[in-house]
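Undergrad: Got a structure for you, questions after.
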Amino acid sequence: MRTRQALWPVILAFTLLLGGAPLPLLAQDIETAIAAGKQALESGRPDEALDLFSRLIASDPQAVLYYHRGIAYSTKNQDSLAVQDFTRAISLQPLQASYYLRRGVSLLKTNEYQRAIDDFTKVMELDPGNAQARGRRARALFHLGRTQKALDDLLQAIRLNPDNAALHRLRGDIYSAAGDYENSVRAYDTAIQLKPDDSAAYNNRGIALANLGRSREAVEDLNKAMEIAASKPASGRATGLSDTPW
C-alpha cells in the first residue's frame with residue numbers, strides 16, 4: 001500500500017485541477033509534503049523541493065510553505081529569493097522566531113549585516129534562550145567591526161550552548177582579527193576538542209600560531225586542515241553554526 005508521502009503528488013494535482021480553482025490542502029497532507037520536501041533537501045535535491053513547495057503555495061499559500069521554500073532557495077545560494085519568501089512568511093505569521101532566524105541567515109550570506117542584526121535581535125525578543133541567533137548576531141557585528149559587542153554576544157551564546165564548536169571557532173576568529181593570538185589559539189583548541197574534524201579550526205589555529213612565531217605547530221595545523229578537507233566530499237566542506245534551524 002502506498003504511503004501518504006508517496007501519494008502527495010496525486011493529492012496535490014487533484015486539488016489544483018478541480019474546476020481550475022485551487023482548494024486548501026488538509027493539514028496532514030501539507031505536513032506529509034513538507035516532510036517530502038525536507039527529505040529532498042537533505043538528499044541533495046533542492047530543485048525537487050523547490051518545485052514541491054511552489055506547487056503547494058499555488059494551492060494554498062501558507063506561511064510555513066513560504067518558509068520551507070525559502071530554505072530551499074537558500075540551499076541553492078539564491079538568498080535574495082529566500083529573503084523574499086521568509087518576508088512573506090513573516091507577514092503571515094509575525095511571531096515565528098524561526099522565520100526571522102532564517103531570514104537573518106540569508107541576509108548574513110548576502111552581506112546585509114545590519115538587517116541581519118535586526119532579525120537576530122527579533123529572534124532573541126521572541127526566544128531569549130536562542131543561542132543560534134546570538135551567535136549569528138555576533139558574526140554580523142564582527143563583520144561591521146563592532147568587535148567588543150560581537151564578543152559579548154558570543155560569550156553569552158557559548159554559555160547557552162557550550163558544546164557548539166562553531167561558536168568557539170568564531171571566538172577564535174574574532175580574537176585573531178583583534179590581534180589577540182594567544183586567546184584565539186585557546187578558542188580554537190576548544191573548537192577542535194569538540195569537533196576534531198573541523199578543518200577551518202585547524203587552518204585558523206595554524207595562522208594564529210604562525211603569528212605567535214610557533215612555526216612548527218603552525219605547519220602541522222595547516223597540513224592537518226588540508227588533510228581533513230581533502231577527505232571530505234565537496235558538499236561536506238561548508239562551515240558555519242552547526243545546527244540547521246528547520
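In the C-alpha cells, chains take the letters A, B, ... in the order shown, each chain's residues start at 1, and ligands count up from 1 in the order shown.
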Step one, run DSSP on the backbone; step two, keep only residues of segment 74-240 of chain A assigned to helix (DSSP H, G or I); then write them as a ChimeraX atom specification.
TA: /A:74-75,79-92,97-109,113-126,131-143,147-160,165-177,181-194,199-211,215-231,234-236
Undergrad: Can you tell me, as an MDAnalysis selection string, what residues are no more than 6 Å from Ala116 of chain A when counting only C-alpha atoms, ignoring any on the same chain fewer than 6 positions away?
TA: chainID A and resid 104 107:108
Undergrad: Just how far from atom CA of Glu182 of chain A is atom CA of Leu212 of chain A, in Å to one decimal?
TA: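 Rounded to one decimal, the two atoms are 7.8 Å apart.
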Undergrad: May I have the residues within 10 Å of Asn183 of chain A as a PyMOL selection string, using only C-alpha atoms and disregarding those fewer than 3 positions away in the same chain?
TA: chain A and resi 171-176+179-180+186-189+208
Undergrad: Hey, can you check how far atom CA of Ile192 of chain A sits from atom CA of Met226 of chain A?
TA: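 Going from atom CA of Ile192 of chain A over to atom CA of Met226 of chain A covers 14.7 Å.
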Undergrad: What's the 6 Å shell around Phe53 of chain A, counting only C-alpha atoms, without same-chain residues fewer than 3 positions away, as a list in words?
TA: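 Within the cut-off, the hits are Leu50, Leu56 and Arg69 of chain A.
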Undergrad: Those same residues, written as a PDB file, in the first residue's frame with C-alpha atoms?
TA:
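Ended up saving to part-v1.pdb:
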ATOM      1  CA  LEU A  50      11.530  23.990  -4.779  1.00  0.00           C
ATOM      2  CA  LEU A  56       1.871  23.788  -2.598  1.00  0.00           C
ATOM      3  CA  ARG A  69      10.647  27.231   0.027  1.00  0.00           C
TER       4      ARG A  69
END
Undergrad: What is the distance between atom CA of Glu220 of chain A and atom CA of Leu155 of chain A, in Å to one decimal?
TA: 28.6 Å
Undergrad: Hey, which of A:Leu92, A:Ile71, A:Met124, A:Ala133 ends up closest to Ser106 of chain A? Count only C-alpha atoms.
TA: A:Ile71
Undergrad: Check the smallest atom-to-atom distance from each of A:Gln132, A:Phe142, A:Gln93, A:Val123 to Gln156 of chain A using only C-alpha atoms, then report the winner.
TA: A:Gln132
Undergrad: Excluding same-chain residues fewer than 4 positions from Asp153 of chain A, what lies within 7 Å of it counting only C-alpha atoms, as a ChimeraX atom specification?
TA: /A:134-135,138,149,157
Undergrad: Find, counting only C-alpha atoms, the residue in A:Arg45, A:Lys38, A:Lys76, A:Arg88 that gets nearest to Pro61 of chain A.
TA: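 Smallest separation from Pro61 of chain A among the options: A:Arg88.
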Undergrad: Need to verify the contact set: Ala201 of chain A, 9 Å, only C-alpha atoms, exclusion of same-chain residues closer than 3 positions in sequence. Can you return it as a PDB file with C-alpha atoms, in the first residue's frame?
TA:
ATOM      1  CA  ALA A 165      32.343  24.017  18.221  1.00  0.00           C
ATOM      2  CA  ALA A 166      31.483  26.676  15.634  1.00  0.00           C
ATOM      3  CA  ARG A 169      35.848  28.842  16.355  1.00  0.00           C
ATOM      4  CA  GLY A 172      38.962  32.429  17.845  1.00  0.00           C
ATOM      5  CA  TYR A 188      40.486  27.079  18.523  1.00  0.00           C
ATOM      6  CA  ASP A 189      41.782  24.440  20.971  1.00  0.00           C
ATOM      7  CA  ALA A 191      36.666  24.071  18.974  1.00  0.00           C
ATOM      8  CA  ILE A 192      38.945  21.219  17.900  1.00  0.00           C
ATOM      9  CA  LYS A 195      34.891  18.788  16.697  1.00  0.00           C
ATOM     10  CA  PRO A 196      38.162  17.082  15.785  1.00  0.00           C
ATOM     11  CA  ASP A 197      37.388  17.109  12.039  1.00  0.00           C
ATOM     12  CA  ASP A 198      36.900  20.895  11.799  1.00  0.00           C
ATOM     13  CA  ASN A 204      42.794  29.271  11.560  1.00  0.00           C
ATOM     14  CA  ARG A 205      44.719  27.994  14.562  1.00  0.00           C
ATOM     15  CA  GLY A 206      47.669  27.412  12.277  1.00  0.00           C
ATOM     16  CA  ASP A 221      47.879  22.513  11.835  1.00  0.00           C
ATOM     17  CA  ALA A 225      43.462  21.226   7.793  1.00  0.00           C
TER      18      ALA A 225
END
Undergrad: Check the smallest atom-to-atom distance from each of A:Tyr99, A:Tyr73, A:Tyr113, A:Tyr67 to Arg146 of chain A using only C-alpha atoms, then report the winner.
TA: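 For Arg146 of chain A, the nearest of the given residues is A:Tyr113.
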